[in-house]
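I have placed the structure first, in the form of structure tokens, so that the comments after it can refer back to it.
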Amino acid sequence: MAKQGAMQKFMDWMQEHIMPVAGKIAEEKHITAITKGMMATIPLTIIGGISLILAYPPVDATTLEATSGILKSFLTAWYNWAGKYAAILELPNNVTLGLLGIYVVIAITYHLCKNYKMEPLSCMITSAMSFLIIAAPPAAVEGVSGLFLNSRYLGSRGLFAAMVVAIVTVELTRFLLDKNIKIKLPDTVPPMVTAPFEALIPSILVLLAFMLVDQGVTAAFGVNLPQAIMNLFTPFAKAVDSVGGMMAIQFLINFLWFFGIYGSAVPDSVTAGFFMTNITANAAAYAAGEPLPAIATAPFRVAFGNIGGCGSALPLAICILLVCKSSQMKTVGKIGIIPSIFGIAEPLTFGVPLVFNPVLAVPMILGSVLNTMITFLMMQWNVIGRIFVNVPWTTPKVLDAILCTMDFKAGILAAALIVMDVLIYMPFVKVYDKSLLEKEKLGVE
């Protein structure tokens with residue numbers, strides 16, 4: 001009873017002091033705009049990843065000799081077809097992941113304008129212009145007519161700059177408009193005509209501000225503004241892309257879920273940019289035939305960390321079907337098994353429930369953290385491939401591990417992690433199921 005009382009006091013303290021702070025962080029205007037903006041570009045990263053898979057099969061002439069039969073015929077045909085049409089097949093990747101910074105700056109600007117109830121179109125155009133001015137100013141190429149954009153900072157290298165440009169553009173525009181620094185037209189002029197003219201002066205001033213700052217940074221530090229911003233975020237990026245950083249993120253996600261808070265909302269608001277930068281950098285390295293530089297990505301958590309959703313729901317569902325005898329758990333297990341295969345954990349999260357369940361809190365958190373540690377080390381030691389494809393989160397488990405890495409060994413690891421998580425859950429599930437069974441026999445609700 002003393003332990004139960006202490007646990008209840010701790011939960012009450014978390015609810016009173018920590019949860020409101022976590023909720024405020026997740027709802028902060030700039031953070032929600034960044035999170036929503038990043039989410040809006042997920043389809044582009046999936047398209048880019050599929051393009052890379054088609055253009056660069058995970059085989060070469062040497063590995064083809066190790067296969068035989070139908071598999072060898074298929075892989076050989078794919079290898080030869082991709083080699084012939086690689087330039088065309090890679091086009092979707094070049095205009096999605098290769099230009100991701102442009103889409104990100106537009107998407108974040110849109111959502112931040114919506115948060116402030118501002119007219120978004122003019123700000124979106126201004127932020128796109130400002131980003132291009134600092135990231136890819138048009139320049140002449142010797143011996144070639146016309147001007148060209150250098151795409152170096154339009155992809156993964158420019159994502160942090162895109163976030164900064166979007167936020168600064170909206171905030172500066174909002175400040176100037178609030179101070180009535182704008183062209184004023186008569187009230188008789190239609191709003192659709194008035195809006196572009198009102199945005200003219202703020203657009204010019206924002207554009208000039210970024211040009212001056214970029215030139216100043218270049219003169220002072222010898223690098224342009226996007227590179228300077230990237231250098232500023234490098235220590236944070238390294239912290240996220242570490243085994244300790246990923247384990248801490250995974251712990252936080254499931255810890256928050258225990259209290260009924262959407263676990264990914266708070267860490268995603270901080271890590272979304274880092275994860276997106278990492279997967280686009282990996283995709284670029286894969287296309288160039290270079291070693292993949294990063295491990296920490298969004299699919300990492302989905303395919304290997306929380307297998308099946310919150311608290312590794314798929315292993316929990318399997319465990320329930322294997323050992324549970326109470327009507328409640330057997331019913332929830334049958335309902336939850338299929339959704340959890342596709343990464344949907346809610347039937348188990350709220351049906352078992354995992355929320356506010358001290359008996360299952362330990363395996364719920366421990367299994368996912370161990371999954372993260374093991375997978376990170378396996379990738380760091382090059383035992384399995386790293387992630388360069390952003391597969392949909394609803395892709396069936398194990399298959400998603402194979403597709404996001406294009407490595408069958410990753411699928412074997414995911415399957416092994418499921419078995420490990422089932423074993424971790426088993427003693428705790430048995431204890432919880434026994435208590436439910438006794439209540440059912442006594443007719444207690």
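Letters A, B, ... mark the chains of the structure tokens in the order given; residue numbers begin at 1 per chain; ligand numbers begin at 1, in order shown.
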request  = Please provide the set of residues having any atom within 10 Å of range 83-96 of chain A, restricted to only C-alpha atoms, with same-chain residues fewer than 2 positions apart removed, written as a ChimeraX atom specification.
outcome  = /A:41,43-57,77-81,98-103,151,155,280,283-284,287
With only C-alpha atoms as the counted atoms, please give the residues lying no more than 8 Å from range 227-231 of chain A, apart from itself and same-chain residues fewer than 2 positions off, as a PDB file with N, CA, C and O atoms, in the first residue's frame.
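Saved the output as selection33.pdb:
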ATOM      1  N   ARG A 157      21.319  20.449 -46.450  1.00  0.00           N
ATOM      2  CA  ARG A 157      22.214  21.434 -45.832  1.00  0.00           C
ATOM      3  C   ARG A 157      21.505  22.745 -45.502  1.00  0.00           C
ATOM      4  O   ARG A 157      21.980  23.523 -44.684  1.00  0.00           O
ATOM      5  N   GLY A 158      20.379  22.998 -46.142  1.00  0.00           N
ATOM      6  CA  GLY A 158      19.690  24.268 -45.936  1.00  0.00           C
ATOM      7  C   GLY A 158      18.434  24.195 -45.096  1.00  0.00           C
ATOM      8  O   GLY A 158      17.725  25.196 -44.961  1.00  0.00           O
ATOM      9  N   PHE A 160      17.876  23.877 -41.782  1.00  0.00           N
ATOM     10  CA  PHE A 160      17.843  24.742 -40.597  1.00  0.00           C
ATOM     11  C   PHE A 160      17.726  26.204 -41.003  1.00  0.00           C
ATOM     12  O   PHE A 160      17.024  26.990 -40.352  1.00  0.00           O
ATOM     13  N   ALA A 161      18.402  26.583 -42.088  1.00  0.00           N
ATOM     14  CA  ALA A 161      18.263  27.946 -42.600  1.00  0.00           C
ATOM     15  C   ALA A 161      16.826  28.207 -43.024  1.00  0.00           C
ATOM     16  O   ALA A 161      16.286  29.301 -42.801  1.00  0.00           O
ATOM     17  N   VAL A 217      27.632  38.054 -42.476  1.00  0.00           N
ATOM     18  CA  VAL A 217      28.124  36.761 -41.971  1.00  0.00           C
ATOM     19  C   VAL A 217      29.249  36.237 -42.864  1.00  0.00           C
ATOM     20  O   VAL A 217      30.277  35.734 -42.376  1.00  0.00           O
ATOM     21  N   VAL A 223      31.780  32.097 -44.403  1.00  0.00           N
ATOM     22  CA  VAL A 223      30.757  31.154 -44.883  1.00  0.00           C
ATOM     23  C   VAL A 223      29.449  31.914 -45.028  1.00  0.00           C
ATOM     24  O   VAL A 223      29.230  32.939 -44.362  1.00  0.00           O
ATOM     25  N   ASN A 224      28.559  31.410 -45.908  1.00  0.00           N
ATOM     26  CA  ASN A 224      27.282  32.099 -46.073  1.00  0.00           C
ATOM     27  C   ASN A 224      26.358  31.808 -44.891  1.00  0.00           C
ATOM     28  O   ASN A 224      26.672  30.988 -44.018  1.00  0.00           O
ATOM     29  N   LEU A 225      25.220  32.482 -44.858  1.00  0.00           N
ATOM     30  CA  LEU A 225      24.310  32.372 -43.719  1.00  0.00           C
ATOM     31  C   LEU A 225      23.783  30.948 -43.508  1.00  0.00           C
ATOM     32  O   LEU A 225      23.751  30.475 -42.355  1.00  0.00           O
ATOM     33  N   PHE A 233      23.858  24.709 -35.371  1.00  0.00           N
ATOM     34  CA  PHE A 233      23.033  23.586 -34.925  1.00  0.00           C
ATOM     35  C   PHE A 233      23.803  22.265 -34.848  1.00  0.00           C
ATOM     36  O   PHE A 233      23.254  21.270 -34.360  1.00  0.00           O
ATOM     37  N   THR A 234      25.039  22.244 -35.317  1.00  0.00           N
ATOM     38  CA  THR A 234      25.798  20.994 -35.374  1.00  0.00           C
ATOM     39  C   THR A 234      25.915  20.285 -34.026  1.00  0.00           C
ATOM     40  O   THR A 234      25.729  19.062 -33.956  1.00  0.00           O
TER      41      THR A 234
END
Selection: 10 Å around range 190-199 of chain A, only C-alpha atoms, excl. self and same-chain fewer than 3 positions, as a list in words = Glu119, Leu121, Ser122, Cys123, Thr126, Thr173, Leu176, Leu177, Asn180, Ile181, Lys182, Ile183, Lys184, Leu185, Pro186, Asp187, Pro202, Ser203 and Ile204 of chain A
task = Could you check which of A:Asn254, A:Ile402, A:Ile344, A:Leu207 is closest to Phe356 in chain A, using only C-alpha atoms?
result =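 The answer is A:Asn254, which sits nearest to Phe356 in chain A.
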task = Please identify all polymer residues within 8 Å of range 412-418 of chain A, counting only C-alpha atoms, omitting same-chain residues fewer than 6 positions from it, and present them as a VMD selection string.
result = chain A and resid 303 to 304 307 314 to 315 371 375 397 to 398 401
Tell me which protein, DNA and RNA residues are within 8 Å of Ile384 in chain A, counting only C-alpha atoms, leaving out same-chain ones fewer than 4 positions away, and put them as a PDB file with N, CA, C and O atoms, in the first residue's frame.
ATOM      1  N   MET A 378      23.963  -1.537 -33.893  1.00  0.00           N
ATOM      2  CA  MET A 378      24.075  -2.379 -35.087  1.00  0.00           C
ATOM      3  C   MET A 378      24.331  -1.535 -36.342  1.00  0.00           C
ATOM      4  O   MET A 378      25.091  -1.939 -37.224  1.00  0.00           O
ATOM      5  N   MET A 379      23.710  -0.377 -36.407  1.00  0.00           N
ATOM      6  CA  MET A 379      23.948   0.524 -37.536  1.00  0.00           C
ATOM      7  C   MET A 379      25.312   1.198 -37.428  1.00  0.00           C
ATOM      8  O   MET A 379      26.019   1.362 -38.425  1.00  0.00           O
ATOM      9  N   ASP A 407      17.863  -3.427 -46.642  1.00  0.00           N
ATOM     10  CA  ASP A 407      18.769  -4.435 -46.101  1.00  0.00           C
ATOM     11  C   ASP A 407      17.928  -5.501 -45.399  1.00  0.00           C
ATOM     12  O   ASP A 407      17.248  -5.208 -44.407  1.00  0.00           O
ATOM     13  N   LYS A 409      18.884  -7.854 -43.560  1.00  0.00           N
ATOM     14  CA  LYS A 409      19.365  -8.080 -42.190  1.00  0.00           C
ATOM     15  C   LYS A 409      18.633  -7.177 -41.202  1.00  0.00           C
ATOM     16  O   LYS A 409      18.453  -7.538 -40.036  1.00  0.00           O
ATOM     17  N   ALA A 410      18.210  -6.005 -41.646  1.00  0.00           N
ATOM     18  CA  ALA A 410      17.443  -5.101 -40.775  1.00  0.00           C
ATOM     19  C   ALA A 410      16.101  -5.724 -40.417  1.00  0.00           C
ATOM     20  O   ALA A 410      15.611  -5.559 -39.295  1.00  0.00           O
TER      21      ALA A 410
END
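Omitting Ala272 in chain A and its sequence neighbours fewer than 5 positions away, and counting only C-alpha atoms, the residues within 9 Å are Ile34, Thr35, Met38, Met39, Pro267, Thr277, Thr297 and Ala298 of chain A.
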Please dump the current selection as a PDB file, in the first residue's frame; keep N, CA, C and O atoms.
ATOM      1  N   ILE A  34       6.727  24.571 -37.117  1.00  0.00           N
ATOM      2  CA  ILE A  34       7.842  23.750 -37.615  1.00  0.00           C
ATOM      3  C   ILE A  34       7.411  22.297 -37.751  1.00  0.00           C
ATOM      4  O   ILE A  34       7.672  21.650 -38.773  1.00  0.00           O
ATOM      5  N   THR A  35       6.734  21.789 -36.731  1.00  0.00           N
ATOM      6  CA  THR A  35       6.301  20.386 -36.757  1.00  0.00           C
ATOM      7  C   THR A  35       5.342  20.127 -37.914  1.00  0.00           C
ATOM      8  O   THR A  35       5.504  19.163 -38.675  1.00  0.00           O
ATOM      9  N   MET A  38       7.144  20.388 -41.320  1.00  0.00           N
ATOM     10  CA  MET A  38       7.922  19.183 -41.609  1.00  0.00           C
ATOM     11  C   MET A  38       7.016  18.021 -42.015  1.00  0.00           C
ATOM     12  O   MET A  38       7.316  17.263 -42.938  1.00  0.00           O
ATOM     13  N   MET A  39       5.902  17.894 -41.315  1.00  0.00           N
ATOM     14  CA  MET A  39       4.968  16.814 -41.645  1.00  0.00           C
ATOM     15  C   MET A  39       4.415  16.975 -43.059  1.00  0.00           C
ATOM     16  O   MET A  39       4.177  15.988 -43.761  1.00  0.00           O
ATOM     17  N   PRO A 267       8.983  15.713 -28.231  1.00  0.00           N
ATOM     18  CA  PRO A 267      10.299  15.540 -28.862  1.00  0.00           C
ATOM     19  C   PRO A 267      10.311  15.860 -30.345  1.00  0.00           C
ATOM     20  O   PRO A 267      11.299  16.387 -30.857  1.00  0.00           O
ATOM     21  N   THR A 277      16.904  16.386 -41.787  1.00  0.00           N
ATOM     22  CA  THR A 277      18.238  16.666 -42.316  1.00  0.00           C
ATOM     23  C   THR A 277      19.030  15.378 -42.488  1.00  0.00           C
ATOM     24  O   THR A 277      19.700  15.169 -43.510  1.00  0.00           O
ATOM     25  N   THR A 297      16.889   8.999 -37.496  1.00  0.00           N
ATOM     26  CA  THR A 297      15.874   9.457 -38.440  1.00  0.00           C
ATOM     27  C   THR A 297      14.503   9.120 -37.874  1.00  0.00           C
ATOM     28  O   THR A 297      14.383   8.310 -36.945  1.00  0.00           O
ATOM     29  N   ALA A 298      13.459   9.697 -38.457  1.00  0.00           N
ATOM     30  CA  ALA A 298      12.104   9.394 -37.998  1.00  0.00           C
ATOM     31  C   ALA A 298      11.734   7.919 -38.195  1.00  0.00           C
ATOM     32  O   ALA A 298      11.145   7.301 -37.294  1.00  0.00           O
TER      33      ALA A 298
END
inquiry  = Which residues are near Ala248 in chain A? Cut-off 8 Å, only C-alpha atoms, ignore same chain within fewer than 4 positions. Put them as a PyMOL selection string.
reply    = chain A and resi 244+252+369
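From CA of Lys29 in chain A back to CA of Ile295 in chain A, the distance works out to 29.0 Å.
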request  = Write down as a VMD selection string the residues belonging to range 187-291 of chain A that are assigned alpha helix (DSSP H) by DSSP computed on the backbone.
outcome  = chain A and resid 191 to 198 200 to 221 225 to 240 243 to 258 265 to 287
query = DSSP says strand (DSSP E or B) for which residues of range 87-161 of chain A? Put them as a PyMOL selection string?
reply = chain A and resi 139-141+144-148
With N, CA, C and O atoms retained, write the just-selected residues as a JSON list (two decimals), in the first residue's frame.
[["chain", "number", "residue", "atom", "x", "y", "z"],
["A", 139, "ALA", "N", 23.86, 32.85, -60.18],
["A", 139, "ALA", "CA", 25.23, 33.20, -60.54],
["A", 139, "ALA", "C", 25.54, 32.72, -61.95],
["A", 139, "ALA", "O", 24.93, 31.77, -62.46],
["A", 140, "ALA", "N", 26.47, 33.39, -62.59],
["A", 140, "ALA", "CA", 26.88, 33.01, -63.95],
["A", 140, "ALA", "C", 27.89, 31.88, -63.88],
["A", 140, "ALA", "O", 28.67, 31.77, -62.92],
["A", 141, "VAL", "N", 27.88, 31.03, -64.90],
["A", 141, "VAL", "CA", 28.85, 29.95, -65.04],
["A", 141, "VAL", "C", 29.67, 30.23, -66.28],
["A", 141, "VAL", "O", 29.13, 30.48, -67.35],
["A", 144, "VAL", "N", 28.97, 29.41, -70.18],
["A", 144, "VAL", "CA", 27.57, 29.03, -70.37],
["A", 144, "VAL", "C", 26.71, 30.28, -70.23],
["A", 144, "VAL", "O", 26.91, 31.09, -69.32],
["A", 145, "SER", "N", 25.76, 30.44, -71.14],
["A", 145, "SER", "CA", 24.90, 31.62, -71.07],
["A", 145, "SER", "C", 23.82, 31.44, -70.02],
["A", 145, "SER", "O", 23.41, 30.32, -69.71],
["A", 146, "GLY", "N", 23.35, 32.55, -69.45],
["A", 146, "GLY", "CA", 22.29, 32.50, -68.45],
["A", 146, "GLY", "C", 22.82, 32.43, -67.04],
["A", 146, "GLY", "O", 24.04, 32.31, -66.80],
["A", 147, "LEU", "N", 21.91, 32.47, -66.06],
["A", 147, "LEU", "CA", 22.25, 32.38, -64.64],
["A", 147, "LEU", "C", 21.78, 31.05, -64.08],
["A", 147, "LEU", "O", 20.76, 30.50, -64.51],
["A", 148, "PHE", "N", 22.50, 30.53, -63.08],
["A", 148, "PHE", "CA", 22.19, 29.22, -62.53],
["A", 148, "PHE", "C", 22.12, 29.29, -61.01],
["A", 148, "PHE", "O", 22.78, 30.12, -60.38]]
query = Could you state the separation of CA of Tyr116 in chain A and CA of Val206 in chain A in Å, given to one decimal place?
reply =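 A separation of 17.9 Å between them.
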Length of the CA of Met329 in chain A to CA of Leu256 in chain A vector [Å] = 23.0 Å
